Amino acid sequence: MQLRVVGVGRVRESFLNDGIQEYRVRISPYFHVELADVREGRHPRDPSPATRAGVLKEEGERLLSAARGSGVLVLLDIRGESWSSEDLAARLSSWVLEGHSTVSFLIGGPFGVSEEVKNEATHVLSLSRMTYPHQMVRLILLEQLYRAARIHRGDPYHK
């Protein structure tokens with residue numbers, strides 16, 4: 001099964017990119033991981049509600065396009081469900097047994113995501129009730145996917 005992580009914008013900080021690549025390598029014995037960045041919408045510093053909605057619509061179209069062909073779409077959103085690492089592992093196991101070839105995890109930009117993306121999502125997952133920079137979420141998600149992959153395979157992991 002392939003895990004696809006699709007995020008709005010590029011990760012610019014080298015320390016985050018180093019961590020992302022480290023966890024991508026760690027996950028590789030368990031799952032193939034594809035990372036995709038979609039272009040962040042252009043907007044003024046203090047956008048009007050209409051401008052914000054337009055940016056979200058454009059970014060949402062790009063997110064969904066990059067996730068096309070996925071059997072499962074998991075949107076990361078602060079208002080989503082909280083899953084434990086064991087819950088995520090159980091879902092990965094279930095998706096493998098159901099024959100899904102690709103699971104995409106969608107990460108919005110600074111404004112979040114459009115209603116269209118929320119409506120298309122199979123699941124909405126919250127990593128925490130805290131707010132994280134959207135670029136950092138990629139690293140946190142990959143660490144959790146690595147942990148869940150180890151649990152899924154029955155390998156030891158740190159609790």
# chains A, B, ... in the order shown; residues from 1 in each chain; ligands from 1
>>> residues_around(residues="Tyr23 of chain A", least_positions_apart="3", cutoff="8 Å", atoms="only C-alpha atoms", output="PyMOL selection string")
chain A and resi 19-20+26-27+139+142-143+146
>>> residues_around(residues="Lys118 of chain A", least_positions_apart="5", cutoff="12 Å", atoms="only C-alpha atoms", output="list in words")
Leu56, Lys57, Gly60, Glu61, Leu63, Leu64, Leu73, Val74, Leu75, Leu76, Asp77, Arg79, Gly80, Leu106, Ile107, Gly108, Gly112, Val113, His123, Val124 and Leu125 of chain A
>>> select_by_dssp(residues="chain A", states="strand (DSSP E or B)", output="JSON, numbers by chain")
{"A": [2, 3, 4, 5, 6, 7, 8, 32, 33, 34, 35, 36, 37, 38, 72, 73, 74, 75, 76, 77, 78, 79, 80, 81, 82, 102, 103, 104, 105, 106, 107, 109, 112, 123, 124, 125, 126]}
>>> closest_residue(among="A:Pro156, A:Gly99, A:Pro133, A:Gly54", to="Ser114 of chain A", atoms="only C-alpha atoms")
A:Gly54
>>> closest_residue(among="A:Glu115, A:Glu22, A:Glu98, A:Asp37", to="Ser65 of chain A", atoms="only C-alpha atoms")
A:Asp37
>>> select_by_dssp(residues="chain A", states="helix (DSSP H, G or I)", output="VMD selection string")
chain A and resid 14 to 27 49 to 66 85 to 97 115 to 120 134 to 153
>>> atom_distance(atom1="atom CA of Ser104 of chain A", atom2="atom CA of Glu81 of chain A")
16.5 Å
>>> closest_residue(among="A:Ala66, A:Ala149, A:Leu97, A:Val8", to="Arg42 of chain A", atoms="only C-alpha atoms")
A:Val8
>>> closest_residue(among="A:His134, A:His152, A:Arg45, A:Arg4", to="Leu16 of chain A", atoms="only C-alpha atoms")
A:His134
>>> closest_residue(among="A:Val117, A:Leu88, A:Val38, A:Val5", to="Ile151 of chain A", atoms="only C-alpha atoms")
A:Leu88
>>> atom_distance(atom1="atom CA of His32 of chain A", atom2="atom CA of Ser126 of chain A")
22.9 Å
>>> closest_residue(among="A:Glu40, A:Ala67, A:Ile78, A:Gln2", to="Arg52 of chain A", atoms="only C-alpha atoms")
A:Glu40
>>> atom_distance(atom1="atom CA of Leu35 of chain A", atom2="atom CA of Tyr157 of chain A")
24.0 Å
